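**Q** Please find data06.cif (mmCIF, C-alpha atoms) on the next line:
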data_coords
#
loop_
_atom_site.group_PDB
_atom_site.id
_atom_site.type_symbol
_atom_site.label_atom_id
_atom_site.label_comp_id
_atom_site.auth_asym_id
_atom_site.auth_seq_id
_atom_site.Cartn_x
_atom_site.Cartn_y
_atom_site.Cartn_z
ATOM 1 C CA MET A 1 0.000 0.000 0.000
ATOM 2 C CA SER A 2 1.321 3.436 -0.920
ATOM 3 C CA ARG A 3 1.871 6.100 1.743
ATOM 4 C CA LEU A 4 -0.895 8.278 0.219
ATOM 5 C CA LYS A 5 -3.438 5.436 0.276
ATOM 6 C CA PHE A 6 -2.494 4.653 3.868
ATOM 7 C CA ILE A 7 -3.034 8.274 4.925
ATOM 8 C CA LEU A 8 -6.381 8.416 3.134
ATOM 9 C CA LEU A 9 -7.501 5.184 4.779
ATOM 10 C CA LEU A 10 -6.471 6.523 8.179
ATOM 11 C CA VAL A 11 -8.487 9.700 7.627
ATOM 12 C CA VAL A 12 -11.567 7.657 6.687
ATOM 13 C CA VAL A 13 -11.238 5.539 9.833
ATOM 14 C CA VAL A 14 -10.849 8.577 12.106
ATOM 15 C CA VAL A 15 -13.844 10.354 10.562
ATOM 16 C CA SER A 16 -15.927 7.198 10.929
ATOM 17 C CA LEU A 17 -15.026 6.901 14.596
ATOM 18 C CA ILE A 18 -15.895 10.547 15.244
ATOM 19 C CA THR A 19 -19.219 10.167 13.453
ATOM 20 C CA PHE A 20 -20.027 7.009 15.387
ATOM 21 C CA ASP A 21 -19.139 8.670 18.685
ATOM 22 C CA PHE A 22 -21.313 11.704 17.853
ATOM 23 C CA ALA A 23 -24.238 9.507 16.845
ATOM 24 C CA SER A 24 -23.863 7.451 20.020
ATOM 25 C CA THR A 25 -23.861 10.601 22.122
ATOM 26 C CA GLN A 26 -26.969 11.917 20.383
ATOM 27 C CA ALA A 27 -28.711 8.585 20.865
ATOM 28 C CA LYS A 28 -27.878 8.677 24.552
ATOM 29 C CA VAL A 29 -29.413 12.147 24.894
ATOM 30 C CA ILE A 30 -32.572 11.151 23.054
ATOM 31 C CA SER A 31 -32.947 7.964 25.090
ATOM 32 C CA LEU A 32 -33.297 9.945 28.345
ATOM 33 C CA ASN A 33 -37.035 10.439 28.670
ATOM 34 C CA ARG A 34 -36.756 12.252 31.991
ATOM 35 C CA TYR A 35 -34.311 14.091 34.238
ATOM 36 C CA ILE A 36 -34.424 13.768 38.015
ATOM 37 C CA LEU A 37 -34.454 16.828 40.278
ATOM 38 C CA PRO A 38 -33.000 16.575 43.805
ATOM 39 C CA GLY A 39 -35.219 17.256 46.818
ATOM 40 C CA GLU A 40 -38.572 16.121 48.148
ATOM 41 C CA THR A 41 -40.358 19.498 48.103
ATOM 42 C CA VAL A 42 -38.908 21.140 44.990
ATOM 43 C CA PHE A 43 -42.175 21.996 43.189
ATOM 44 C CA PRO A 44 -40.219 23.292 40.177
ATOM 45 C CA GLU A 45 -41.507 25.950 37.797
ATOM 46 C CA GLY A 46 -39.056 27.487 35.326
ATOM 47 C CA ILE A 47 -36.455 26.101 32.948
ATOM 48 C CA ALA A 48 -33.693 27.606 30.808
ATOM 49 C CA TYR A 49 -31.513 25.717 28.341
ATOM 50 C CA GLN A 50 -27.915 26.681 27.473
ATOM 51 C CA PRO A 51 -27.054 25.096 24.092
ATOM 52 C CA LYS A 52 -23.282 25.606 24.176
ATOM 53 C CA THR A 53 -22.892 23.636 27.423
ATOM 54 C CA LYS A 54 -25.991 21.405 27.077
ATOM 55 C CA ASP A 55 -26.846 22.496 30.617
ATOM 56 C CA PHE A 56 -30.357 23.330 31.721
ATOM 57 C CA PHE A 57 -31.442 25.240 34.816
ATOM 58 C CA VAL A 58 -34.620 24.620 36.821
ATOM 59 C CA SER A 59 -36.131 26.795 39.565
ATOM 60 C CA SER A 60 -37.673 25.710 42.861
ATOM 61 C CA THR A 61 -40.696 27.676 44.027
ATOM 62 C CA THR A 62 -40.304 26.257 47.534
ATOM 63 C CA ASP A 63 -36.989 27.813 48.573
ATOM 64 C CA GLY A 64 -35.626 29.609 45.513
ATOM 65 C CA ALA A 65 -32.959 27.024 44.730
ATOM 66 C CA ILE A 66 -31.675 26.894 41.161
ATOM 67 C CA LEU A 67 -30.851 23.402 39.942
ATOM 68 C CA ARG A 68 -28.524 22.596 37.069
ATOM 69 C CA GLY A 69 -28.706 19.514 34.896
ATOM 70 C CA ASN A 70 -27.011 18.379 31.722
ATOM 71 C CA LEU A 71 -28.477 16.474 28.784
ATOM 72 C CA GLN A 72 -25.861 13.754 29.273
ATOM 73 C CA GLU A 73 -26.690 13.148 32.949
ATOM 74 C CA GLU A 74 -29.867 11.717 34.428
ATOM 75 C CA SER A 75 -29.834 13.725 37.661
ATOM 76 C CA ALA A 76 -29.571 17.464 38.217
ATOM 77 C CA LYS A 77 -27.712 19.095 41.106
ATOM 78 C CA VAL A 78 -28.091 22.246 43.168
ATOM 79 C CA PHE A 79 -26.387 25.167 41.425
ATOM 80 C CA LEU A 80 -27.565 28.073 43.601
ATOM 81 C CA PRO A 81 -28.787 27.133 47.118
ATOM 82 C CA GLY A 82 -32.236 28.287 48.170
ATOM 83 C CA GLY A 83 -32.359 31.422 50.308
ATOM 84 C CA ALA A 84 -29.052 32.829 49.049
ATOM 85 C CA ASP A 85 -29.139 36.540 48.126
ATOM 86 C CA GLY A 86 -32.662 36.744 49.563
ATOM 87 C CA ARG A 87 -33.912 34.408 46.812
ATOM 88 C CA THR A 88 -36.589 32.553 48.768
ATOM 89 C CA THR A 89 -38.577 31.484 45.716
ATOM 90 C CA ALA A 90 -37.825 31.328 42.007
ATOM 91 C CA VAL A 91 -40.092 31.051 38.996
ATOM 92 C CA GLY A 92 -39.273 31.845 35.345
ATOM 93 C CA LEU A 93 -35.723 31.489 34.002
ATOM 94 C CA LYS A 94 -33.801 32.375 30.859
ATOM 95 C CA VAL A 95 -30.101 32.257 29.971
ATOM 96 C CA ASP A 96 -28.469 34.472 27.344
ATOM 97 C CA ASP A 97 -25.460 33.884 25.081
ATOM 98 C CA LYS A 98 -23.173 35.739 27.488
ATOM 99 C CA ASN A 99 -23.590 33.232 30.319
ATOM 100 C CA ARG A 100 -26.120 35.304 32.244
ATOM 101 C CA LEU A 101 -29.030 33.587 33.990
ATOM 102 C CA PHE A 102 -32.136 35.730 34.585
ATOM 103 C CA VAL A 103 -34.401 34.677 37.474
ATOM 104 C CA ALA A 104 -37.962 35.827 38.252
ATOM 105 C CA GLY A 105 -38.677 36.049 41.970
ATOM 106 C CA GLY A 106 -42.437 35.515 42.097
ATOM 107 C CA ASN A 107 -44.273 37.165 44.992
ATOM 108 C CA THR A 108 -41.058 38.598 46.424
ATOM 109 C CA GLY A 109 -41.087 41.154 43.601
ATOM 110 C CA GLN A 110 -37.450 40.444 42.871
ATOM 111 C CA ILE A 111 -35.336 39.860 39.782
ATOM 112 C CA PHE A 112 -31.877 38.289 39.881
ATOM 113 C CA VAL A 113 -29.089 37.962 37.328
ATOM 114 C CA TYR A 114 -26.308 35.372 37.790
ATOM 115 C CA ASP A 115 -23.177 34.218 36.013
ATOM 116 C CA THR A 116 -23.805 30.621 34.886
ATOM 117 C CA ARG A 117 -20.118 29.754 35.135
ATOM 118 C CA SER A 118 -19.323 30.982 38.642
ATOM 119 C CA GLY A 119 -22.744 31.451 40.218
ATOM 120 C CA GLU A 120 -21.826 35.055 40.997
ATOM 121 C CA LEU A 121 -24.722 37.440 41.562
ATOM 122 C CA LEU A 122 -24.425 40.098 38.867
ATOM 123 C CA GLY A 123 -27.498 42.168 39.672
ATOM 124 C CA GLN A 124 -30.609 42.268 41.835
ATOM 125 C CA PHE A 125 -33.813 44.305 41.807
ATOM 126 C CA LYS A 126 -36.944 44.576 43.975
ATOM 127 C CA ASN A 127 -40.071 46.443 42.881
ATOM 128 C CA GLN A 128 -41.236 47.253 46.447
ATOM 129 C CA LYS A 129 -44.876 46.479 45.589
ATOM 130 C CA ALA A 130 -47.267 44.797 48.015
ATOM 131 C CA SER A 131 -49.182 42.933 45.312
ATOM 132 C CA THR A 132 -46.805 41.404 42.800
ATOM 133 C CA PHE A 133 -45.784 38.138 41.192
ATOM 134 C CA ILE A 134 -42.856 38.462 38.811
ATOM 135 C CA ASN A 135 -43.437 35.338 36.812
ATOM 136 C CA ASP A 136 -41.631 34.752 33.533
ATOM 137 C CA VAL A 137 -38.854 36.221 31.391
ATOM 138 C CA ALA A 138 -37.888 36.427 27.718
ATOM 139 C CA ILE A 139 -34.701 37.738 26.125
ATOM 140 C CA SER A 140 -35.007 39.825 22.965
ATOM 141 C CA ALA A 141 -32.631 39.803 19.993
ATOM 142 C CA ASN A 142 -30.631 42.731 21.411
ATOM 143 C CA GLY A 143 -30.085 40.985 24.748
ATOM 144 C CA GLU A 144 -32.669 42.852 26.817
ATOM 145 C CA ALA A 145 -34.747 40.757 29.212
ATOM 146 C CA TYR A 146 -38.469 41.353 29.790
ATOM 147 C CA PHE A 147 -40.344 40.099 32.863
ATOM 148 C CA THR A 148 -44.097 39.625 33.323
ATOM 149 C CA ASP A 149 -45.963 40.326 36.553
ATOM 150 C CA SER A 150 -49.065 38.198 37.081
ATOM 151 C CA SER A 151 -50.557 40.448 39.774
ATOM 152 C CA ASP A 152 -49.561 43.973 38.773
ATOM 153 C CA PRO A 153 -50.044 45.411 35.239
ATOM 154 C CA THR A 154 -46.351 46.137 34.706
ATOM 155 C CA LEU A 155 -43.768 44.685 32.353
ATOM 156 C CA TYR A 156 -40.169 45.025 33.556
ATOM 157 C CA LYS A 157 -37.040 45.348 31.450
ATOM 158 C CA VAL A 158 -33.472 44.447 32.352
ATOM 159 C CA SER A 159 -30.700 45.757 30.119
ATOM 160 C CA ILE A 160 -26.905 45.928 30.162
ATOM 161 C CA ASN A 161 -25.329 49.268 29.276
ATOM 162 C CA SER A 162 -22.003 50.008 27.553
ATOM 163 C CA ALA A 163 -20.214 49.895 30.906
ATOM 164 C CA ASN A 164 -21.560 46.339 31.414
ATOM 165 C CA GLU A 165 -23.818 47.568 34.220
ATOM 166 C CA ILE A 166 -27.186 45.894 34.720
ATOM 167 C CA GLN A 167 -30.136 48.273 34.686
ATOM 168 C CA PHE A 168 -33.702 47.560 35.810
ATOM 169 C CA GLU A 169 -36.840 49.494 34.889
ATOM 170 C CA ALA A 170 -40.626 49.299 34.961
ATOM 171 C CA TRP A 171 -40.876 49.416 31.177
ATOM 172 C CA LEU A 172 -44.582 49.207 30.330
ATOM 173 C CA ASP A 173 -47.773 49.951 32.275
ATOM 174 C CA PHE A 174 -50.699 48.023 30.750
ATOM 175 C CA THR A 175 -53.310 50.363 32.230
ATOM 176 C CA GLY A 176 -55.447 51.735 29.413
ATOM 177 C CA THR A 177 -54.277 49.170 26.843
ATOM 178 C CA SER A 178 -56.230 46.286 25.300
ATOM 179 C CA LEU A 179 -54.645 44.001 27.894
ATOM 180 C CA GLU A 180 -56.863 44.458 30.939
ATOM 181 C CA TYR A 181 -55.855 42.969 34.252
ATOM 182 C CA GLN A 182 -58.649 41.075 36.013
ATOM 183 C CA SER A 183 -59.008 39.086 39.215
ATOM 184 C CA GLY A 184 -56.803 36.004 39.343
ATOM 185 C CA PHE A 185 -53.541 35.211 37.592
ATOM 186 C CA ASN A 186 -52.943 37.519 34.643
ATOM 187 C CA LEU A 187 -49.805 37.720 32.483
ATOM 188 C CA ASN A 188 -47.706 34.601 32.647
ATOM 189 C CA GLY A 189 -45.482 33.240 29.856
ATOM 190 C CA ILE A 190 -43.561 35.541 27.541
ATOM 191 C CA ALA A 191 -41.505 35.010 24.375
ATOM 192 C CA ALA A 192 -39.552 37.307 22.048
ATOM 193 C CA SER A 193 -39.603 37.182 18.247
ATOM 194 C CA LEU A 194 -36.308 36.351 16.558
ATOM 195 C CA ASP A 195 -36.309 39.611 14.595
ATOM 196 C CA GLY A 196 -36.430 41.667 17.797
ATOM 197 C CA LYS A 197 -39.713 43.395 16.886
ATOM 198 C CA TYR A 198 -42.252 41.780 19.169
ATOM 199 C CA LEU A 199 -42.974 40.195 22.505
ATOM 200 C CA VAL A 200 -45.757 37.611 22.829
ATOM 201 C CA VAL A 201 -47.492 37.071 26.174
ATOM 202 C CA VAL A 202 -50.265 34.832 27.465
ATOM 203 C CA GLN A 203 -52.874 35.948 29.996
ATOM 204 C CA SER A 204 -53.657 32.869 32.084
ATOM 205 C CA ASN A 205 -57.081 33.833 33.439
ATOM 206 C CA THR A 206 -58.554 34.891 30.081
ATOM 207 C CA GLY A 207 -56.684 32.495 27.792
ATOM 208 C CA LYS A 208 -55.731 35.353 25.465
ATOM 209 C CA LEU A 209 -52.472 35.964 23.618
ATOM 210 C CA PHE A 210 -51.118 39.469 23.058
ATOM 211 C CA ARG A 211 -48.464 41.006 20.840
ATOM 212 C CA ILE A 212 -46.319 43.848 22.163
ATOM 213 C CA ASP A 213 -44.438 46.008 19.681
ATOM 214 C CA ILE A 214 -41.074 46.661 21.346
ATOM 215 C CA ASP A 215 -40.426 49.972 19.548
ATOM 216 C CA SER A 216 -43.854 51.576 20.009
ATOM 217 C CA LYS A 217 -45.020 49.616 23.093
ATOM 218 C CA GLU A 218 -48.336 49.072 21.312
ATOM 219 C CA VAL A 219 -50.316 46.152 22.752
ATOM 220 C CA THR A 220 -52.601 44.121 20.446
ATOM 221 C CA GLU A 221 -54.619 40.981 21.124
ATOM 222 C CA ILE A 222 -53.642 38.127 18.809
ATOM 223 C CA ASP A 223 -56.725 36.858 16.975
ATOM 224 C CA LEU A 224 -57.052 33.106 17.607
ATOM 225 C CA GLY A 225 -60.396 32.747 15.830
ATOM 226 C CA GLY A 226 -62.304 32.385 19.083
ATOM 227 C CA GLU A 227 -59.945 29.874 20.707
ATOM 228 C CA ARG A 228 -58.906 30.429 24.326
ATOM 229 C CA LEU A 229 -55.827 29.079 26.074
ATOM 230 C CA ASN A 230 -56.933 29.331 29.698
ATOM 231 C CA ASN A 231 -54.328 28.326 32.267
ATOM 232 C CA GLY A 232 -51.659 29.184 29.732
ATOM 233 C CA ASP A 233 -48.329 29.112 31.550
ATOM 234 C CA GLY A 234 -44.904 28.972 29.904
ATOM 235 C CA ILE A 235 -44.700 29.693 26.164
ATOM 236 C CA LEU A 236 -42.044 29.057 23.533
ATOM 237 C CA LEU A 237 -41.490 30.447 20.053
ATOM 238 C CA SER A 238 -39.939 27.599 18.094
ATOM 239 C CA ARG A 239 -36.910 28.282 15.893
ATOM 240 C CA GLY A 240 -38.243 26.551 12.803
ATOM 241 C CA LYS A 241 -39.294 27.583 9.294
ATOM 242 C CA LYS A 242 -42.804 28.445 10.458
ATOM 243 C CA GLN A 243 -43.695 30.765 13.331
ATOM 244 C CA ILE A 244 -44.828 28.166 15.837
ATOM 245 C CA LEU A 245 -45.765 29.107 19.383
ATOM 246 C CA TYR A 246 -46.083 26.396 22.023
ATOM 247 C CA VAL A 247 -48.313 27.203 25.007
ATOM 248 C CA VAL A 248 -48.287 25.033 28.123
ATOM 249 C CA ARG A 249 -51.736 24.738 29.714
ATOM 250 C CA ASN A 250 -50.775 23.557 33.170
ATOM 251 C CA GLN A 251 -54.031 22.246 34.656
ATOM 252 C CA GLN A 252 -55.010 20.527 31.414
ATOM 253 C CA LYS A 253 -51.557 18.894 31.054
ATOM 254 C CA LEU A 254 -51.462 20.067 27.451
ATOM 255 C CA ILE A 255 -48.906 21.618 25.128
ATOM 256 C CA VAL A 256 -50.798 23.603 22.508
ATOM 257 C CA LYS A 257 -49.235 24.299 19.121
ATOM 258 C CA VAL A 258 -50.213 27.621 17.549
ATOM 259 C CA GLU A 259 -49.140 28.716 14.061
ATOM 260 C CA LEU A 260 -48.729 32.496 13.961
ATOM 261 C CA GLU A 261 -48.819 34.831 10.993
ATOM 262 C CA GLU A 262 -45.687 36.776 10.099
ATOM 263 C CA ASP A 263 -46.754 39.937 11.924
ATOM 264 C CA PHE A 264 -48.056 37.984 14.950
ATOM 265 C CA SER A 265 -51.526 39.511 14.521
ATOM 266 C CA ARG A 266 -53.338 36.188 14.084
ATOM 267 C CA GLY A 267 -52.808 32.582 15.072
ATOM 268 C CA THR A 268 -54.318 29.175 14.428
ATOM 269 C CA VAL A 269 -54.401 26.398 17.004
ATOM 270 C CA VAL A 270 -52.934 23.385 15.229
ATOM 271 C CA SER A 271 -52.891 20.718 17.941
ATOM 272 C CA SER A 272 -52.988 19.946 21.655
ATOM 273 C CA THR A 273 -50.562 17.321 22.924
ATOM 274 C CA THR A 274 -50.159 15.489 26.211
ATOM 275 C CA ASP A 275 -47.938 12.725 27.541
ATOM 276 C CA PRO A 276 -48.345 10.214 30.407
ATOM 277 C CA SER A 277 -45.251 11.663 32.100
ATOM 278 C CA LEU A 278 -46.673 15.182 32.435
ATOM 279 C CA ALA A 279 -47.574 16.242 35.969
ATOM 280 C CA TYR A 280 -49.041 19.746 36.067
ATOM 281 C CA PRO A 281 -46.496 21.006 33.526
ATOM 282 C CA THR A 282 -45.560 24.664 33.810
ATOM 283 C CA THR A 283 -43.091 25.468 31.053
ATOM 284 C CA ILE A 284 -40.826 24.115 28.328
ATOM 285 C CA ALA A 285 -37.453 24.553 26.662
ATOM 286 C CA GLN A 286 -36.515 23.379 23.171
ATOM 287 C CA VAL A 287 -33.598 21.065 22.450
ATOM 288 C CA SER A 288 -33.444 20.333 18.732
ATOM 289 C CA SER A 289 -36.623 18.383 17.942
ATOM 290 C CA GLN A 290 -37.442 17.728 21.601
ATOM 291 C CA LEU A 291 -39.033 19.642 24.444
ATOM 292 C CA LEU A 292 -37.902 19.655 28.061
ATOM 293 C CA VAL A 293 -41.068 19.908 30.168
ATOM 294 C CA VAL A 294 -41.082 20.916 33.840
ATOM 295 C CA ASN A 295 -43.408 18.788 35.978
ATOM 296 C CA SER A 296 -44.349 21.070 38.868
ATOM 297 C CA GLN A 297 -46.938 18.853 40.625
ATOM 298 C CA PHE A 298 -48.522 22.056 41.963
ATOM 299 C CA ASP A 299 -51.790 20.143 42.246
ATOM 300 C CA LYS A 300 -50.176 18.012 44.971
ATOM 301 C CA ARG A 301 -48.861 20.893 47.042
ATOM 302 C CA ALA A 302 -51.757 21.507 49.424
ATOM 303 C CA PRO A 303 -51.716 20.147 53.018
ATOM 304 C CA GLY A 304 -52.553 16.466 53.125
ATOM 305 C CA LEU A 305 -51.362 15.828 49.576
ATOM 306 C CA THR A 306 -48.137 14.074 48.632
ATOM 307 C CA PRO A 307 -46.151 14.631 45.439
ATOM 308 C CA GLU A 308 -44.821 11.662 43.529
ATOM 309 C CA LEU A 309 -41.050 11.511 43.954
ATOM 310 C CA PRO A 310 -38.733 12.244 42.368
ATOM 311 C CA PHE A 311 -39.632 15.557 40.795
ATOM 312 C CA THR A 312 -38.738 15.433 37.121
ATOM 313 C CA VAL A 313 -38.285 17.178 33.821
ATOM 314 C CA SER A 314 -39.791 15.181 30.971
ATOM 315 C CA THR A 315 -38.348 14.870 27.474
ATOM 316 C CA ILE A 316 -40.952 14.598 24.727
ATOM 317 C CA PRO A 317 -40.897 15.080 20.931
ATOM 318 C CA SER A 318 -41.897 18.533 19.723
ATOM 319 C CA PRO A 319 -45.491 18.343 18.435
#
Please go through the file and, once you have read it, give me the structure as structure tokens.
**A**
Amino acid sequence: MSRLKFILLLVVVVVSLITFDFASTQAKVISLNRYILPGETVFPEGIAYQPKTKDFFVSSTTDGAILRGNLQEESAKVFLPGGADGRTTAVGLKVDDKNRLFVAGGNTGQIFVYDTRSGELLGQFKNQKASTFINDVAISANGEAYFTDSSDPTLYKVSINSANEIQFEAWLDFTGTSLEYQSGFNLNGIAASLDGKYLVVVQSNTGKLFRIDIDSKEVTEIDLGGERLNNGDGILLSRGKKQILYVVRNQQKLIVKVELEEDFSRGTVVSSTTDPSLAYPTTIAQVSSQLLVVNSQFDKRAPGLTPELPFTVSTIPSP
């Protein structure tokens, strides 16, 4: 055999081994149909996925702990202990491409920003309101984070200035807009369009979706042709060819697929999907063609009720 043929053969073998190893790794990830969360009273709510590390973060509403898992490992671990930095509960989560984790603080009225590598607290905010529930967060194309409040008609914005300082502001007051706050749980899940133009939010108690124009702050109800998505919780804008919005309806244990028009003015409910593993699901994160689904078991939280252990995050195919 000539030296050239030998080198070519060696290259083919190496490439084959790499391809096999990659395929094996992918198969291992897909074969995990659930991830285990540590603790007997976690009652998780939010989730954020970090593609470059394959880590995901999950919040505990019980004590504010932030758990970190990895797609390659069955069990998650505590990343940020509960109670630290005054974080006694935690709800919605998102992570940006600069290793910053944004945390909604529920009825404490707080917002936290952490470094995902070191766990360092980068910024903290409290709205000082008596009636508040900072619930979910979305990150826009320019890196700004927007937080919903389920009790108070305010949308908060967190931005990072040129000096790398974190700034917090009450960005939008919904009073007088088409989005009217009513009794019960109002704004919940939020998502940002990839082009940076819009925010999409779901109002849990009315089942309505709304579009918010980021530049003008104009608020418009999204026409769903009479459909209502009551108990809508976490939402996700899928990164596919079509503008697909997934809405988690927690009490119904459903993930609803909505196809939105280009300007987000109208939407069509395409399907409603469930899975035997879902247990009062609250929100989702997308990993390729799969969804990570948080099983909160909030319906087993009252005195005298017992959650089924362990608490988990399910892995299901995207509808």
**Q** What lies within 10 Å of region 229-239 of chain A using all atoms listed in the file, ignoring chain neighbours under 5 positions off, as a PDB file with C-alpha atoms, keeping the file's coordinate frame?
**A**
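The resulting around.pdb:
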ATOM      1  CA  GLU A  45     -41.507  25.950  37.797  1.00  0.00           C
ATOM      2  CA  GLY A  46     -39.056  27.487  35.326  1.00  0.00           C
ATOM      3  CA  ILE A  47     -36.455  26.101  32.948  1.00  0.00           C
ATOM      4  CA  GLY A  92     -39.273  31.845  35.345  1.00  0.00           C
ATOM      5  CA  ASN A 135     -43.437  35.338  36.812  1.00  0.00           C
ATOM      6  CA  ASP A 136     -41.631  34.752  33.533  1.00  0.00           C
ATOM      7  CA  VAL A 137     -38.854  36.221  31.391  1.00  0.00           C
ATOM      8  CA  ALA A 138     -37.888  36.427  27.718  1.00  0.00           C
ATOM      9  CA  PHE A 185     -53.541  35.211  37.592  1.00  0.00           C
ATOM     10  CA  ASN A 186     -52.943  37.519  34.643  1.00  0.00           C
ATOM     11  CA  LEU A 187     -49.805  37.720  32.483  1.00  0.00           C
ATOM     12  CA  ASN A 188     -47.706  34.601  32.647  1.00  0.00           C
ATOM     13  CA  GLY A 189     -45.482  33.240  29.856  1.00  0.00           C
ATOM     14  CA  ILE A 190     -43.561  35.541  27.541  1.00  0.00           C
ATOM     15  CA  ALA A 191     -41.505  35.010  24.375  1.00  0.00           C
ATOM     16  CA  ALA A 192     -39.552  37.307  22.048  1.00  0.00           C
ATOM     17  CA  SER A 193     -39.603  37.182  18.247  1.00  0.00           C
ATOM     18  CA  LEU A 194     -36.308  36.351  16.558  1.00  0.00           C
ATOM     19  CA  VAL A 200     -45.757  37.611  22.829  1.00  0.00           C
ATOM     20  CA  VAL A 201     -47.492  37.071  26.174  1.00  0.00           C
ATOM     21  CA  VAL A 202     -50.265  34.832  27.465  1.00  0.00           C
ATOM     22  CA  GLN A 203     -52.874  35.948  29.996  1.00  0.00           C
ATOM     23  CA  SER A 204     -53.657  32.869  32.084  1.00  0.00           C
ATOM     24  CA  ASN A 205     -57.081  33.833  33.439  1.00  0.00           C
ATOM     25  CA  THR A 206     -58.554  34.891  30.081  1.00  0.00           C
ATOM     26  CA  GLY A 207     -56.684  32.495  27.792  1.00  0.00           C
ATOM     27  CA  LYS A 208     -55.731  35.353  25.465  1.00  0.00           C
ATOM     28  CA  LEU A 209     -52.472  35.964  23.618  1.00  0.00           C
ATOM     29  CA  LEU A 224     -57.052  33.106  17.607  1.00  0.00           C
ATOM     30  CA  ILE A 244     -44.828  28.166  15.837  1.00  0.00           C
ATOM     31  CA  LEU A 245     -45.765  29.107  19.383  1.00  0.00           C
ATOM     32  CA  TYR A 246     -46.083  26.396  22.023  1.00  0.00           C
ATOM     33  CA  VAL A 247     -48.313  27.203  25.007  1.00  0.00           C
ATOM     34  CA  VAL A 248     -48.287  25.033  28.123  1.00  0.00           C
ATOM     35  CA  ARG A 249     -51.736  24.738  29.714  1.00  0.00           C
ATOM     36  CA  ASN A 250     -50.775  23.557  33.170  1.00  0.00           C
ATOM     37  CA  GLN A 251     -54.031  22.246  34.656  1.00  0.00           C
ATOM     38  CA  GLN A 252     -55.010  20.527  31.414  1.00  0.00           C
ATOM     39  CA  LYS A 253     -51.557  18.894  31.054  1.00  0.00           C
ATOM     40  CA  LEU A 254     -51.462  20.067  27.451  1.00  0.00           C
ATOM     41  CA  ILE A 255     -48.906  21.618  25.128  1.00  0.00           C
ATOM     42  CA  VAL A 256     -50.798  23.603  22.508  1.00  0.00           C
ATOM     43  CA  LYS A 257     -49.235  24.299  19.121  1.00  0.00           C
ATOM     44  CA  VAL A 258     -50.213  27.621  17.549  1.00  0.00           C
ATOM     45  CA  GLU A 259     -49.140  28.716  14.061  1.00  0.00           C
ATOM     46  CA  LEU A 260     -48.729  32.496  13.961  1.00  0.00           C
ATOM     47  CA  VAL A 269     -54.401  26.398  17.004  1.00  0.00           C
ATOM     48  CA  PRO A 281     -46.496  21.006  33.526  1.00  0.00           C
ATOM     49  CA  THR A 282     -45.560  24.664  33.810  1.00  0.00           C
ATOM     50  CA  THR A 283     -43.091  25.468  31.053  1.00  0.00           C
ATOM     51  CA  ILE A 284     -40.826  24.115  28.328  1.00  0.00           C
ATOM     52  CA  ALA A 285     -37.453  24.553  26.662  1.00  0.00           C
ATOM     53  CA  GLN A 286     -36.515  23.379  23.171  1.00  0.00           C
ATOM     54  CA  SER A 288     -33.444  20.333  18.732  1.00  0.00           C
ATOM     55  CA  SER A 289     -36.623  18.383  17.942  1.00  0.00           C
ATOM     56  CA  LEU A 291     -39.033  19.642  24.444  1.00  0.00           C
ATOM     57  CA  VAL A 293     -41.068  19.908  30.168  1.00  0.00           C
ATOM     58  CA  VAL A 294     -41.082  20.916  33.840  1.00  0.00           C
ATOM     59  CA  SER A 318     -41.897  18.533  19.723  1.00  0.00           C
TER      60      SER A 318
END
**Q** Written as a PyMOL selection string, which residues does the PyMOL selection byres ((chain A and resi 58) around 8) give for the file shown?
**A** chain A and resi 44-48+56-57+59-60+66-68+93
**Q** For the structure shown, which residues end up in the PyMOL selection byres ((chain A and resi 275) around 9)? Put them as a ChimeraX atom specification, please?
**A** /A:253-254,273-274,276-278,316
**Q** Please evaluate the PyMOL selection byres ((chain A and resi 213-216) around 9) against the displayed coordinates and give the resulting residues as a list in words.
**A** Gly196, Lys197, Tyr198, Leu199, Arg211, Ile212, Lys217, Glu218, Val219 and Thr220 of chain A
**Q** Using CA of Gly119 (chain A) and CA of Asn99 (chain A) as the two end points, give the distance in Å to one decimal.
**A**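 One can read the CA of Gly119 (chain A) to CA of Asn99 (chain A) distance as 10.1 Å.
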**Q** What does the distance between CA of Thr177 (chain A) and CA of Glu221 (chain A) come to in Å, to one decimal place?
**A**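 Taking CA of Thr177 (chain A) and CA of Glu221 (chain A), their separation equals 10.0 Å.
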**Q** So, counting all atoms listed in the file, which residue among A:Val91, A:Leu172, A:Val313, A:Val42 is closest to Ser75 (chain A)?
**A**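 Among the listed residues, the smallest separation from Ser75 (chain A) belongs to A:Val313.
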**Q** Considering all atoms listed in the file, can you say which of A:Ala90, A:Ser314, A:Glu73, A:Gly304 comes closest to Gln290 (chain A)?
**A** A:Ser314
**Q** Measure the distance from CA of Ala76 (chain A) to CA of Tyr49 (chain A) in Å and round it to one decimal.
**A** 13.0 Å
**Q** Could you check which of A:Thr315, A:Val103, A:Ile139, A:Glu144 is closest to Phe125 (chain A), using only C-alpha atoms?
**A**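 Of the candidates, the smallest distance to Phe125 (chain A) is held by A:Val103.
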**Q** Pick out the closest residue to Phe102 (chain A) from this set: A:Glu169, A:Glu308, A:Glu227, A:Asp115. Count all atoms listed in the file.
**A**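 Checking each of A:Glu169, A:Glu308, A:Glu227, A:Asp115 against Phe102 (chain A), counting all atoms listed in the file, the winner is A:Asp115.
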**Q** Have a look at A:Tyr114, A:Phe174, A:Phe43, A:Phe79 and name the one nearest to Pro307 (chain A); count only C-alpha atoms.
**A**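 Closest residue, counting only C-alpha atoms: A:Phe43.
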